[in-house]
Structures are given as C-alpha cells and as structure tokens.
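*Asks:* Sharing entry.json, JSON, C-alpha atoms:
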[["chain", "number", "residue", "atom", "x", "y", "z"],
["D", 346, "MET", "CA", 0.00, 0.00, 0.00],
["D", 347, "GLN", "CA", 1.64, 3.22, -1.08],
["D", 348, "MET", "CA", -0.15, 5.45, 1.43],
["D", 349, "THR", "CA", 1.65, 4.12, 4.52],
["D", 350, "ASP", "CA", 4.43, 6.14, 6.07],
["D", 351, "ALA", "CA", 7.73, 4.78, 7.35],
["D", 352, "SER", "CA", 6.29, 3.93, 10.75],
["D", 353, "GLY", "CA", 3.38, 2.01, 9.22],
["D", 354, "GLY", "CA", 0.82, 4.66, 10.19],
["D", 355, "THR", "CA", -1.47, 6.53, 7.88],
["D", 356, "GLY", "CA", -0.64, 10.01, 9.18],
["D", 357, "ARG", "CA", -2.51, 13.29, 8.71],
["D", 358, "ALA", "CA", -1.82, 15.43, 5.70],
["D", 359, "SER", "CA", -4.34, 18.26, 5.90],
["D", 360, "ARG", "CA", -2.25, 20.80, 7.90],
["D", 361, "PRO", "CA", 0.88, 20.58, 5.69],
["D", 362, "LEU", "CA", -1.31, 20.67, 2.61],
["D", 363, "ARG", "CA", -2.96, 23.86, 3.77],
["D", 364, "ALA", "CA", 0.50, 25.36, 4.14],
["D", 365, "ALA", "CA", 1.48, 24.16, 0.67],
["D", 366, "ALA", "CA", -1.65, 25.65, -0.83],
["D", 367, "ARG", "CA", -0.78, 29.25, 0.12],
["D", 368, "GLY", "CA", -0.45, 30.95, -3.21],
["D", 369, "SER", "CA", -0.62, 29.61, -6.74],
["D", 370, "SER", "CA", 3.15, 29.85, -7.22],
["D", 371, "VAL", "CA", 3.74, 27.46, -4.32],
["D", 372, "GLN", "CA", 1.19, 25.03, -5.72],
["D", 373, "ARG", "CA", 2.77, 25.10, -9.17],
["D", 374, "SER", "CA", 6.32, 24.70, -7.91],
["D", 375, "LEU", "CA", 5.47, 21.71, -5.72],
["D", 376, "ILE", "CA", 3.52, 19.79, -8.36],
["D", 377, "ASP", "CA", 6.21, 20.59, -10.93],
["D", 378, "HIS", "CA", 8.83, 19.30, -8.49],
["D", 379, "ILE", "CA", 6.85, 16.08, -7.96],
["D", 380, "LEU", "CA", 6.63, 15.49, -11.71],
["D", 381, "GLU", "CA", 10.32, 16.14, -12.37],
["D", 382, "ARG", "CA", 12.34, 13.14, -13.47],
["D", 383, "GLY", "CA", 14.39, 11.84, -10.57],
["D", 384, "SER", "CA", 12.36, 13.60, -7.87],
["D", 385, "LEU", "CA", 10.71, 10.44, -6.55],
["D", 386, "SER", "CA", 12.46, 7.63, -4.69],
["D", 387, "VAL", "CA", 11.37, 4.01, -4.60],
["D", 388, "ARG", "CA", 11.49, 1.37, -1.87],
["D", 389, "PHE", "CA", 10.49, -2.26, -2.24],
["D", 390, "GLN", "CA", 8.80, -4.48, 0.33],
["D", 391, "PRO", "CA", 8.21, -8.18, -0.34],
["D", 392, "VAL", "CA", 4.90, -9.98, -0.17],
["D", 393, "LEU", "CA", 5.99, -13.34, 1.22],
["D", 394, "ASP", "CA", 4.62, -16.83, 0.80],
["D", 395, "VAL", "CA", 4.93, -18.46, 4.22],
["D", 396, "ARG", "CA", 3.65, -21.93, 3.38],
["D", 397, "SER", "CA", 7.17, -23.33, 3.67],
["D", 398, "ALA", "CA", 9.49, -23.14, 6.66],
["D", 399, "ARG", "CA", 11.54, -20.49, 4.86],
["D", 400, "PRO", "CA", 9.32, -17.65, 3.55],
["D", 401, "GLN", "CA", 9.74, -16.96, -0.14],
["D", 402, "PRO", "CA", 9.10, -13.66, -1.95],
["D", 403, "HIS", "CA", 5.92, -13.87, -4.01],
["D", 404, "TYR", "CA", 6.22, -10.35, -5.37],
["D", 405, "LEU", "CA", 7.76, -7.00, -4.44],
["D", 406, "GLU", "CA", 5.51, -4.04, -3.79],
["D", 407, "ALA", "CA", 7.01, -0.71, -4.87],
["D", 408, "LEU", "CA", 6.55, 2.12, -2.38],
["D", 409, "ILE", "CA", 7.01, 5.74, -3.42],
["D", 410, "ARG", "CA", 8.55, 8.61, -1.49],
["D", 411, "GLY", "CA", 8.11, 12.19, -2.69],
["D", 412, "PRO", "CA", 10.77, 14.82, -3.34],
["D", 413, "ARG", "CA", 13.31, 14.84, -0.53],
["D", 414, "GLY", "CA", 13.11, 17.83, 1.78],
["D", 415, "THR", "CA", 9.56, 18.80, 0.80],
["D", 416, "ILE", "CA", 6.31, 18.24, 2.67],
["D", 417, "ALA", "CA", 5.38, 15.81, -0.11],
["D", 418, "GLU", "CA", 8.23, 13.45, 0.80],
["D", 419, "ALA", "CA", 5.78, 11.55, 3.01],
["D", 420, "PRO", "CA", 3.58, 9.39, 0.75],
["D", 421, "THR", "CA", 0.42, 10.28, 2.66],
["D", 422, "ILE", "CA", 0.93, 13.95, 1.84],
["D", 423, "LEU", "CA", 2.18, 13.30, -1.70],
["D", 424, "PHE", "CA", -0.93, 11.44, -2.80],
["D", 425, "GLU", "CA", -3.41, 13.58, -0.91],
["D", 426, "TYR", "CA", -1.85, 16.63, -2.54],
["D", 427, "ALA", "CA", -2.10, 15.01, -5.99],
["D", 428, "ARG", "CA", -5.76, 14.19, -5.34],
["D", 429, "LYS", "CA", -6.58, 17.71, -4.19],
["D", 430, "LYS", "CA", -4.92, 19.14, -7.31],
["D", 431, "ASN", "CA", -6.72, 16.62, -9.59],
["D", 432, "MET", "CA", -3.31, 15.35, -10.68],
["D", 433, "GLU", "CA", -3.58, 11.69, -9.62],
["D", 434, "GLY", "CA", -3.21, 10.45, -13.19],
["D", 435, "ALA", "CA", -0.09, 12.50, -13.90],
["D", 436, "VAL", "CA", 1.48, 11.56, -10.57],
["D", 437, "ASP", "CA", 0.62, 7.88, -11.08],
["D", 438, "ARG", "CA", 2.38, 7.99, -14.46],
["D", 439, "ARG", "CA", 5.47, 9.59, -12.92],
["D", 440, "CYS", "CA", 5.43, 6.93, -10.17],
["D", 441, "VAL", "CA", 5.25, 4.15, -12.77],
["D", 442, "GLU", "CA", 8.28, 5.56, -14.58],
["D", 443, "ALA", "CA", 10.26, 5.88, -11.34],
["D", 444, "ILE", "CA", 9.36, 2.34, -10.28],
["D", 445, "LEU", "CA", 10.23, 0.76, -13.61],
["D", 446, "GLU", "CA", 13.57, 2.59, -13.63],
["D", 447, "ALA", "CA", 14.31, 1.32, -10.10],
["D", 448, "ALA", "CA", 13.22, -2.18, -11.09],
["D", 449, "ALA", "CA", 16.27, -2.52, -13.30],
["D", 450, "ALA", "CA", 18.10, -3.61, -10.12],
["D", 451, "VAL", "CA", 15.40, -6.12, -9.10],
["D", 452, "PRO", "CA", 15.94, -9.82, -9.96],
["D", 453, "ALA", "CA", 14.09, -10.54, -13.19],
["D", 454, "HIS", "CA", 12.19, -13.53, -11.79],
["D", 455, "LEU", "CA", 10.31, -11.41, -9.24],
["D", 456, "ARG", "CA", 6.92, -9.84, -9.87],
["D", 457, "LEU", "CA", 6.46, -6.12, -9.26],
["D", 458, "GLY", "CA", 3.50, -4.60, -7.42],
["D", 459, "ILE", "CA", 2.64, -1.05, -8.54],
["D", 460, "ASN", "CA", -0.08, 1.02, -6.85],
["D", 461, "ILE", "CA", -2.49, 2.78, -9.21],
["D", 462, "HIS", "CA", -5.58, 4.79, -8.29],
["D", 463, "ALA", "CA", -8.88, 3.49, -9.58],
["D", 464, "SER", "CA", -9.66, 7.01, -10.78],
["D", 465, "THR", "CA", -6.54, 6.92, -12.94],
["D", 466, "LEU", "CA", -7.59, 3.62, -14.49],
["D", 467, "ALA", "CA", -11.03, 5.05, -15.20],
["D", 468, "MET", "CA", -10.32, 8.64, -16.17],
["D", 469, "ASP", "CA", -6.79, 8.79, -17.59],
["D", 470, "GLU", "CA", -7.42, 7.89, -21.22],
["D", 471, "GLY", "CA", -4.53, 5.93, -22.61],
["D", 472, "PHE", "CA", -3.05, 4.91, -19.26],
["D", 473, "ALA", "CA", -3.00, 1.20, -20.09],
["D", 474, "GLU", "CA", -1.27, 1.90, -23.39],
["D", 475, "PHE", "CA", 1.23, 4.15, -21.60],
["D", 476, "LEU", "CA", 1.95, 1.37, -19.10],
["D", 477, "GLU", "CA", 2.38, -1.23, -21.83],
["D", 478, "HIS", "CA", 4.84, 1.00, -23.70],
["D", 479, "ALA", "CA", 6.72, 1.89, -20.50],
["D", 480, "LEU", "CA", 7.23, -1.79, -19.72],
["D", 481, "ALA", "CA", 8.34, -2.60, -23.27],
["D", 482, "ALA", "CA", 10.81, 0.30, -23.33],
["D", 483, "ARG", "CA", 12.57, -1.16, -20.29],
["D", 484, "GLY", "CA", 12.36, -4.78, -21.33],
["D", 485, "ILE", "CA", 10.07, -5.74, -18.44],
["D", 486, "SER", "CA", 7.47, -8.40, -19.15],
["D", 487, "PRO", "CA", 3.89, -7.43, -18.26],
["D", 488, "LEU", "CA", 3.58, -10.95, -16.86],
["D", 489, "ARG", "CA", 5.66, -9.69, -13.91],
["D", 490, "LEU", "CA", 3.21, -6.90, -13.13],
["D", 491, "VAL", "CA", 0.77, -6.81, -10.21],
["D", 492, "VAL", "CA", -1.43, -3.71, -10.41],
["D", 493, "GLU", "CA", -2.50, -2.81, -6.88],
["D", 494, "ILE", "CA", -5.67, -0.74, -7.09],
["D", 495, "VAL", "CA", -6.19, 1.94, -4.46],
["D", 496, "GLU", "CA", -8.91, 4.54, -4.25],
["D", 497, "HIS", "CA", -9.88, 7.34, -1.95],
["D", 498, "ALA", "CA", -12.29, 9.55, -3.89],
["D", 499, "PRO", "CA", -14.89, 7.86, -6.11],
["D", 500, "PRO", "CA", -17.14, 8.00, -8.07],
["D", 501, "TRP", "CA", -15.41, 7.26, -11.37],
["D", 502, "ASP", "CA", -16.41, 6.03, -14.83],
["D", 503, "VAL", "CA", -17.15, 2.33, -14.33],
["D", 504, "VAL", "CA", -17.27, 1.57, -18.08],
["D", 505, "SER", "CA", -13.84, 3.06, -18.70],
["D", 506, "PHE", "CA", -12.52, 1.40, -15.54],
["D", 507, "ARG", "CA", -13.65, -2.02, -16.81],
["D", 508, "GLY", "CA", -12.08, -1.37, -20.19],
["D", 509, "THR", "CA", -8.71, -0.50, -18.68],
["D", 510, "LEU", "CA", -8.80, -3.57, -16.44],
["D", 511, "ALA", "CA", -9.55, -5.73, -19.48],
["D", 512, "TRP", "CA", -6.54, -4.24, -21.27],
["D", 513, "LEU", "CA", -4.31, -4.93, -18.27],
["D", 514, "ARG", "CA", -5.46, -8.53, -18.14],
["D", 515, "ARG", "CA", -4.83, -9.00, -21.87],
["D", 516, "MET", "CA", -1.30, -7.78, -21.22],
["D", 517, "GLY", "CA", -0.94, -10.55, -18.64],
["D", 518, "ALA", "CA", -0.89, -8.35, -15.54],
["D", 519, "ARG", "CA", -2.39, -9.54, -12.28],
["D", 520, "ILE", "CA", -4.79, -7.39, -10.28],
["D", 521, "ALA", "CA", -4.70, -6.77, -6.52],
["D", 522, "LEU", "CA", -7.29, -4.82, -4.54],
["D", 523, "ASP", "CA", -5.60, -2.87, -1.77],
["D", 524, "ASP", "CA", -6.93, -1.95, 1.69],
["D", 525, "VAL", "CA", -9.75, -4.50, 1.66],
["D", 526, "GLY", "CA", -12.08, -3.71, 4.54],
["D", 527, "LEU", "CA", -11.46, 0.04, 4.55],
["D", 528, "GLY", "CA", -12.90, 3.00, 2.64],
["D", 529, "HIS", "CA", -13.90, 2.23, -0.92],
["D", 530, "SER", "CA", -12.24, -1.21, -1.17],
["D", 531, "ASN", "CA", -15.61, -2.83, -0.62],
["D", 532, "TYR", "CA", -17.76, -5.58, -2.13],
["D", 533, "MET", "CA", -18.59, -3.48, -5.18],
["D", 534, "MET", "CA", -14.89, -3.02, -5.92],
["D", 535, "ILE", "CA", -14.28, -6.74, -5.47],
["D", 536, "CYS", "CA", -16.99, -7.50, -8.03],
["D", 537, "GLU", "CA", -15.70, -4.88, -10.45],
["D", 538, "CYS", "CA", -12.03, -5.84, -10.15],
["D", 539, "ARG", "CA", -12.37, -9.61, -9.74],
["D", 540, "PRO", "CA", -8.87, -9.47, -8.31],
["D", 541, "ASP", "CA", -6.15, -12.07, -8.15],
["D", 542, "TYR", "CA", -5.21, -10.76, -4.70],
["D", 543, "LEU", "CA", -7.22, -9.29, -1.83],
["D", 544, "LYS", "CA", -4.91, -7.24, 0.40],
["D", 545, "VAL", "CA", -6.39, -6.96, 3.88],
["D", 546, "ASP", "CA", -5.57, -3.72, 5.65],
["D", 547, "ARG", "CA", -3.27, -3.91, 8.66],
["D", 548, "TYR", "CA", -6.09, -2.66, 10.91],
["D", 549, "PHE", "CA", -7.55, -6.16, 10.84],
["D", 550, "VAL", "CA", -4.17, -7.91, 11.10],
["D", 551, "ALA", "CA", -2.47, -6.17, 14.01],
["D", 552, "GLY", "CA", -3.45, -7.95, 17.21],
["D", 553, "CYS", "CA", -5.67, -10.51, 15.48],
["D", 554, "HIS", "CA", -4.28, -13.27, 17.70],
["D", 555, "ALA", "CA", -6.02, -11.65, 20.67],
["D", 556, "ASP", "CA", -9.12, -10.24, 18.97],
["D", 557, "PHE", "CA", -12.00, -12.49, 17.96],
["D", 558, "HIS", "CA", -13.63, -9.83, 15.81],
["D", 559, "ARG", "CA", -10.52, -9.22, 13.74],
["D", 560, "ARG", "CA", -10.13, -12.96, 13.26],
["D", 561, "ALA", "CA", -13.76, -13.16, 12.13],
["D", 562, "VAL", "CA", -13.16, -10.50, 9.48],
["D", 563, "LEU", "CA", -9.99, -12.19, 8.28],
["D", 564, "SER", "CA", -11.75, -15.55, 8.06],
["D", 565, "SER", "CA", -14.62, -14.03, 6.07],
["D", 566, "VAL", "CA", -12.20, -12.45, 3.58],
["D", 567, "ALA", "CA", -10.37, -15.76, 3.20],
["D", 568, "GLN", "CA", -13.69, -17.48, 2.45],
["D", 569, "LEU", "CA", -14.72, -14.72, 0.03],
["D", 570, "ALA", "CA", -11.48, -15.09, -1.95],
["D", 571, "GLY", "CA", -12.21, -18.71, -2.86],
["D", 572, "PRO", "CA", -14.95, -18.24, -5.50],
["D", 573, "PHE", "CA", -12.89, -15.50, -7.15],
["D", 574, "GLY", "CA", -9.82, -17.71, -7.35],
["D", 575, "ALA", "CA", -7.97, -15.01, -5.41],
["D", 576, "ARG", "CA", -5.32, -15.18, -2.73],
["D", 577, "VAL", "CA", -5.40, -13.08, 0.43],
["D", 578, "VAL", "CA", -2.45, -10.91, 1.46],
["D", 579, "ALA", "CA", -2.27, -9.80, 5.09],
["D", 580, "GLU", "CA", -0.65, -6.37, 5.39],
["D", 581, "GLY", "CA", 1.13, -4.97, 8.43],
["D", 582, "VAL", "CA", 2.35, -8.22, 9.98],
["D", 583, "GLU", "CA", 4.61, -7.31, 12.89],
["D", 584, "ASP", "CA", 3.88, -9.91, 15.59],
["D", 585, "PRO", "CA", 4.80, -13.62, 15.32],
["D", 586, "ALA", "CA", 1.57, -14.44, 17.21],
["D", 587, "ASP", "CA", -0.44, -12.72, 14.48],
["D", 588, "LEU", "CA", 1.51, -14.65, 11.84],
["D", 589, "GLU", "CA", 0.58, -17.94, 13.51],
["D", 590, "THR", "CA", -3.06, -16.88, 13.66],
["D", 591, "LEU", "CA", -3.08, -16.01, 9.96],
["D", 592, "ALA", "CA", -1.67, -19.44, 9.15],
["D", 593, "ARG", "CA", -4.47, -21.11, 11.09],
["D", 594, "ILE", "CA", -7.04, -19.05, 9.18],
["D", 595, "GLY", "CA", -5.45, -20.10, 5.90],
["D", 596, "ILE", "CA", -3.82, -16.82, 4.88],
["D", 597, "ASP", "CA", -0.32, -17.60, 3.65],
["D", 598, "LEU", "CA", 0.72, -14.40, 1.83],
["D", 599, "VAL", "CA", 1.96, -11.76, 4.25],
["D", 600, "GLN", "CA", 3.71, -8.42, 4.25],
["D", 601, "GLY", "CA", 5.06, -6.33, 7.10],
["D", 602, "PHE", "CA", 7.86, -5.10, 9.31],
["D", 603, "LEU", "CA", 8.21, -8.53, 10.94],
["D", 604, "PHE", "CA", 10.19, -9.38, 7.82],
["D", 605, "GLY", "CA", 12.03, -6.08, 7.45],
["D", 606, "GLN", "CA", 11.65, -2.48, 6.38],
["D", 607, "PRO", "CA", 11.10, -1.39, 2.77],
["D", 608, "ARG", "CA", 14.45, -1.02, 1.02],
["D", 609, "PRO", "CA", 15.92, 0.38, -2.19],
["D", 610, "ALA", "CA", 16.34, -2.19, -4.94],
["D", 611, "ASP", "CA", 20.11, -2.36, -4.53],
["D", 612, "ALA", "CA", 19.72, -3.15, -0.82],
["D", 613, "LEU", "CA", 17.29, -6.03, -1.23],
["D", 614, "ASP", "CA", 18.32, -9.46, 0.01],
["D", 615, "VAL", "CA", 15.54, -11.56, -1.45],
["D", 616, "ALA", "CA", 17.62, -14.72, -1.37],
["D", 617, "ALA", "CA", 17.81, -14.50, 2.40],
["D", 618, "THR", "CA", 14.15, -13.61, 2.91]]
What would you get if you wrote out this structure as structure tokens?

*Replies:*
Amino acid sequence: MQMTDASGGTGRASRPLRAAARGSSVQRSLIDHILERGSLSVRFQPVLDVRSARPQPHYLEALIRGPRGTIAEAPTILFEYARKKNMEGAVDRRCVEAILEAAAAVPAHLRLGINIHASTLAMDEGFAEFLEHALAARGISPLRLVVEIVEHAPPWDVVSFRGTLAWLRRMGARIALDDVGLGHSNYMMICECRPDYLKVDRYFVAGCHADFHRRAVLSSVAQLAGPFGARVVAEGVEDPADLETLARIGIDLVQGFLFGQPRPADALDVAAT
C-alpha cells in the first residue's frame, strides 16, 4: 500500500497541505517538483509466501517517497496533494516511470506490485497503453506486473474502468485490490475488479491473535477469496503471534515489518528472505 508512512501509520496530511496551498506559485512549484524526473524515490517491500518453513518472496511491492526535503516526501501527503490538485493520473504515471527505472536492479524472476488509483484507471485515457509501452521500453514483461488498485475519492467512470482492467489482463498483468475492509475497497470493488489478490488492511491484522472480531473479518475475507480464485495478502504483519493466527485461518501471503523495512532495490536481500 503506497499510502503508509515509514512507521506504518497513515498520518494526517491536511495541515501541511494547507501550508502548501498558500499561493498559486507554491502550488505550481510543488507539483512541478513532484513530476520532475528523478524527484521520486522508490522502496520495495516483499509480499511473502509463508507456506514453507523459509518464507519466499511472491512479489515485491514498490513504495514511493516524494521529493526529498519537501512536505510531499511523506507518501500520505504526496498522494493527498495530488488528489486535491486533480493530478492523480499525472502523478501515477510519474510513479510508474520511477518504479520501472528502479526495477532494473530487481531480480528478473520477481513480480512487481505497482499502486495505481482506480480514478486513474477510469479517467486517464490511454493509461494502459502508456503502461504497456513503459514496460516494453525497459524490457520488463507485463507478466511480472501486479497492479494494486487503491482509491480514496470515487465515483469514477465504471465503463472506462472495466475497459482499462480488461486491457491490463490482456497484457498478462495480475490485479490486486488494496486496503480491503477500509474506505472504498468494498464488495462493489471486489466484483468490479475480480482481483487475483485481496490485500487486507493492517487494521484487521495487528493484534488478530487476541481479537475475535478481527479474526472473524480475516476468516470471512479468506472465504470470500475462494470463489474469485484469489489469494489473500495480510498487510502490516509485525507480531509472530499474528503470523501464527493467519496461518491457522489459511492466509499464507503476508507483508510487514516482521520481515524487514522497505528497502531500495540495490539493498534487497531476497535470497535471504
């Protein structure tokens, strides 16, 4: 999930954004800075398959950081700012380019998870074609791609959204629905996306070993995934007791600080994961 800060929290962006919005020149300079080549940094965090005694990377999720030294360095602020400026599509494109450039240092056998807003998929005409060309230009197979769909401000054009998803699937990309259980990642989105992965928000994962209600939600998501042929990813795993609980429920794809912090591509140690 790209909206999480370094501590794993969601943070509050409204106060810094109000400061950034003082004067049109400030607004223009910040969004221009965000869209500059080389202004964004990329970290990778593995989604791990824990069915074996030694967890194996299933795919790497790319996490974006904004321009260093600006209020938009924190991803929460970066993407809220882009949304408020109606620039989600442009920022998503810049993020894709930054991620694919960073992926040159990622082992070629690993899949790449890239967060894209549902509004971008629905309203940015030509986004799928842009993505296909961006992959081809860097020699990255679309079969490696996992498109993680996030959304925070619907409604959007459902017909266009379906068309873009169909294009992505024809390319061979897999689809993940992020933040299941929160906000707009609801049953309607599950039906529209028919995802390959359901990523359960960390709210339901943290402390699940000691919370019946969280376990009930996790179990229901695991059961829901079956008819869709989807796999469940538990986000925010930090406690070995929670990991054991997830295994008992039948959730065997996990992601979280229990297995390490997000890292730049050249600092990954996937062989030792």

*Asks:* Between CA of Glu537 (chain D) and CA of Gly471 (chain D), measure the distance and give it in Å to one decimal.

*Replies:*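 CA of Gly471 (chain D) lies 19.7 Å from CA of Glu537 (chain D).
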
*Asks:* Nearest to Tyr548 (chain D): which of D:Phe573, D:Leu408, D:Tyr532, D:Glu583 is it, counting only C-alpha atoms?

*Replies:*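 Ranking D:Phe573, D:Leu408, D:Tyr532, D:Glu583 by distance to Tyr548 (chain D), first place goes to D:Glu583.
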
*Asks:* Work out how far CA of Leu445 (chain D) is from CA of Arg489 (chain D), in Å to one decimal.

*Replies:*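 Separation between CA of Arg489 (chain D) and CA of Leu445 (chain D): 11.4 Å.
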
*Asks:* Compute the distance from (-12.5, -14.5, 0.0) to each atom, counting only C-alpha atoms, keep the residues with any atom at most 12 Å away, and return them as a ChimeraX atom specification; use the coordinates of the file.

*Replies:* /D:522,525-526,532,535-536,539-545,562-578,594-596

*Asks:* Go through D:Met468, D:Leu405, D:Met534, D:His462 and flag the residue nearest Val504 (chain D), using all atoms listed in the file for the distances.

*Replies:*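 For Val504 (chain D), the nearest of the given residues is D:Met468.
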
*Asks:* Skipping near chain neighbours, those fewer than 4 positions away, what residues fall within 10 Å of region 388-401 of chain D using all atoms listed in the file, listed as JSON, numbers by chain?

*Replies:* {"D": [346, 405, 406, 407, 408, 409, 410, 444, 447, 448, 451, 455, 456, 457, 458, 578, 579, 580, 588, 592, 595, 596, 597, 598, 599, 600, 601, 602, 604, 605, 606, 607, 608, 609, 610, 611, 612, 613, 615, 616, 617, 618]}

*Asks:* Please provide as number ranges by chain all residues within 8 Å of region 433-443 of chain D, with the sequence filter that same-chain residues fewer than 3 positions apart are discarded (counting only C-alpha atoms).

*Replies:* D: 379-380, 382-383, 385-387, 409, 424, 427-428, 430, 446-447, 459, 461-462, 464-465, 468-469, 472, 476, 479

*Asks:* One number please: CA of Ala521 (chain D) to CA of Ala473 (chain D), in Å, one decimal.

*Replies:*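 We find that CA of Ala521 (chain D) and CA of Ala473 (chain D) lie 15.8 Å from each other.
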
*Asks:* Return the single residue from D:Ala481, D:Leu466, D:Val550, D:Cys538 that is closest to Met516 (chain D), with distances computed using all atoms listed in the file.

*Replies:*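 Smallest separation from Met516 (chain D) among the options: D:Ala481.
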
*Asks:* Measuring between only C-alpha atoms, which one of D:Gly484, D:Ile520, D:Glu474, D:Pro412 shows the shortest distance to Asn460 (chain D)?

*Replies:*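 Under the stated criterion, the closest residue is D:Ile520.
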
*Asks:* Considering only C-alpha atoms, return as a PDB file with C-alpha atoms, keeping the file's coordinate frame whatever protein or nucleic-acid residues lie within 9 Å of Leu513 (chain D), sequence-local ones (same chain, fewer than 2 positions apart) excluded.

*Replies:*
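The resulting file, out.pdb, is shown below:
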ATOM      1  CA  ALA D 473      -3.000   1.200 -20.090  1.00  0.00           C
ATOM      2  CA  LEU D 476       1.950   1.370 -19.100  1.00  0.00           C
ATOM      3  CA  GLU D 477       2.380  -1.230 -21.830  1.00  0.00           C
ATOM      4  CA  PRO D 487       3.890  -7.430 -18.260  1.00  0.00           C
ATOM      5  CA  VAL D 492      -1.430  -3.710 -10.410  1.00  0.00           C
ATOM      6  CA  GLY D 508     -12.080  -1.370 -20.190  1.00  0.00           C
ATOM      7  CA  THR D 509      -8.710  -0.500 -18.680  1.00  0.00           C
ATOM      8  CA  LEU D 510      -8.800  -3.570 -16.440  1.00  0.00           C
ATOM      9  CA  ALA D 511      -9.550  -5.730 -19.480  1.00  0.00           C
ATOM     10  CA  ARG D 515      -4.830  -9.000 -21.870  1.00  0.00           C
ATOM     11  CA  MET D 516      -1.300  -7.780 -21.220  1.00  0.00           C
ATOM     12  CA  GLY D 517      -0.940 -10.550 -18.640  1.00  0.00           C
ATOM     13  CA  ALA D 518      -0.890  -8.350 -15.540  1.00  0.00           C
ATOM     14  CA  ARG D 519      -2.390  -9.540 -12.280  1.00  0.00           C
ATOM     15  CA  ILE D 520      -4.790  -7.390 -10.280  1.00  0.00           C
TER      16      ILE D 520
END

*Asks:* Complete region 564-575 of chain D with N, CA, C and O atoms (output as a PDB file, keeping the file's coordinate frame).

*Replies:*
ATOM      1  N   SER D 564     -11.199 -14.278   8.525  1.00  0.00           N
ATOM      2  CA  SER D 564     -11.750 -15.550   8.060  1.00  0.00           C
ATOM      3  C   SER D 564     -12.773 -15.337   6.953  1.00  0.00           C
ATOM      4  O   SER D 564     -12.831 -16.093   5.974  1.00  0.00           O
ATOM      5  N   SER D 565     -13.595 -14.285   7.089  1.00  0.00           N
ATOM      6  CA  SER D 565     -14.620 -14.030   6.070  1.00  0.00           C
ATOM      7  C   SER D 565     -13.981 -13.616   4.745  1.00  0.00           C
ATOM      8  O   SER D 565     -14.445 -14.016   3.672  1.00  0.00           O
ATOM      9  N   VAL D 566     -12.890 -12.829   4.809  1.00  0.00           N
ATOM     10  CA  VAL D 566     -12.200 -12.450   3.580  1.00  0.00           C
ATOM     11  C   VAL D 566     -11.555 -13.671   2.925  1.00  0.00           C
ATOM     12  O   VAL D 566     -11.604 -13.831   1.695  1.00  0.00           O
ATOM     13  N   ALA D 567     -10.976 -14.547   3.736  1.00  0.00           N
ATOM     14  CA  ALA D 567     -10.370 -15.760   3.200  1.00  0.00           C
ATOM     15  C   ALA D 567     -11.421 -16.625   2.498  1.00  0.00           C
ATOM     16  O   ALA D 567     -11.165 -17.197   1.430  1.00  0.00           O
ATOM     17  N   GLN D 568     -12.617 -16.715   3.074  1.00  0.00           N
ATOM     18  CA  GLN D 568     -13.690 -17.480   2.450  1.00  0.00           C
ATOM     19  C   GLN D 568     -14.187 -16.803   1.173  1.00  0.00           C
ATOM     20  O   GLN D 568     -14.484 -17.462   0.175  1.00  0.00           O
ATOM     21  N   LEU D 569     -14.256 -15.470   1.200  1.00  0.00           N
ATOM     22  CA  LEU D 569     -14.720 -14.720   0.030  1.00  0.00           C
ATOM     23  C   LEU D 569     -13.761 -14.881  -1.144  1.00  0.00           C
ATOM     24  O   LEU D 569     -14.192 -14.912  -2.309  1.00  0.00           O
ATOM     25  N   ALA D 570     -12.470 -15.002  -0.871  1.00  0.00           N
ATOM     26  CA  ALA D 570     -11.480 -15.090  -1.950  1.00  0.00           C
ATOM     27  C   ALA D 570     -11.650 -16.340  -2.789  1.00  0.00           C
ATOM     28  O   ALA D 570     -11.360 -16.329  -3.993  1.00  0.00           O
ATOM     29  N   GLY D 571     -12.130 -17.426  -2.180  1.00  0.00           N
ATOM     30  CA  GLY D 571     -12.210 -18.710  -2.860  1.00  0.00           C
ATOM     31  C   GLY D 571     -12.946 -18.678  -4.184  1.00  0.00           C
ATOM     32  O   GLY D 571     -12.380 -19.065  -5.230  1.00  0.00           O
ATOM     33  N   PRO D 572     -14.207 -18.236  -4.232  1.00  0.00           N
ATOM     34  CA  PRO D 572     -14.950 -18.240  -5.500  1.00  0.00           C
ATOM     35  C   PRO D 572     -14.341 -17.351  -6.577  1.00  0.00           C
ATOM     36  O   PRO D 572     -14.595 -17.558  -7.760  1.00  0.00           O
ATOM     37  N   PHE D 573     -13.544 -16.363  -6.176  1.00  0.00           N
ATOM     38  CA  PHE D 573     -12.890 -15.500  -7.150  1.00  0.00           C
ATOM     39  C   PHE D 573     -11.564 -16.074  -7.641  1.00  0.00           C
ATOM     40  O   PHE D 573     -10.929 -15.517  -8.538  1.00  0.00           O
ATOM     41  N   GLY D 574     -11.133 -17.167  -7.016  1.00  0.00           N
ATOM     42  CA  GLY D 574      -9.820 -17.710  -7.350  1.00  0.00           C
ATOM     43  C   GLY D 574      -8.699 -16.793  -6.906  1.00  0.00           C
ATOM     44  O   GLY D 574      -7.606 -16.800  -7.481  1.00  0.00           O
ATOM     45  N   ALA D 575      -8.947 -15.993  -5.881  1.00  0.00           N
ATOM     46  CA  ALA D 575      -7.970 -15.010  -5.410  1.00  0.00           C
ATOM     47  C   ALA D 575      -7.224 -15.517  -4.193  1.00  0.00           C
ATOM     48  O   ALA D 575      -7.688 -16.417  -3.487  1.00  0.00           O
TER      49      ALA D 575
END
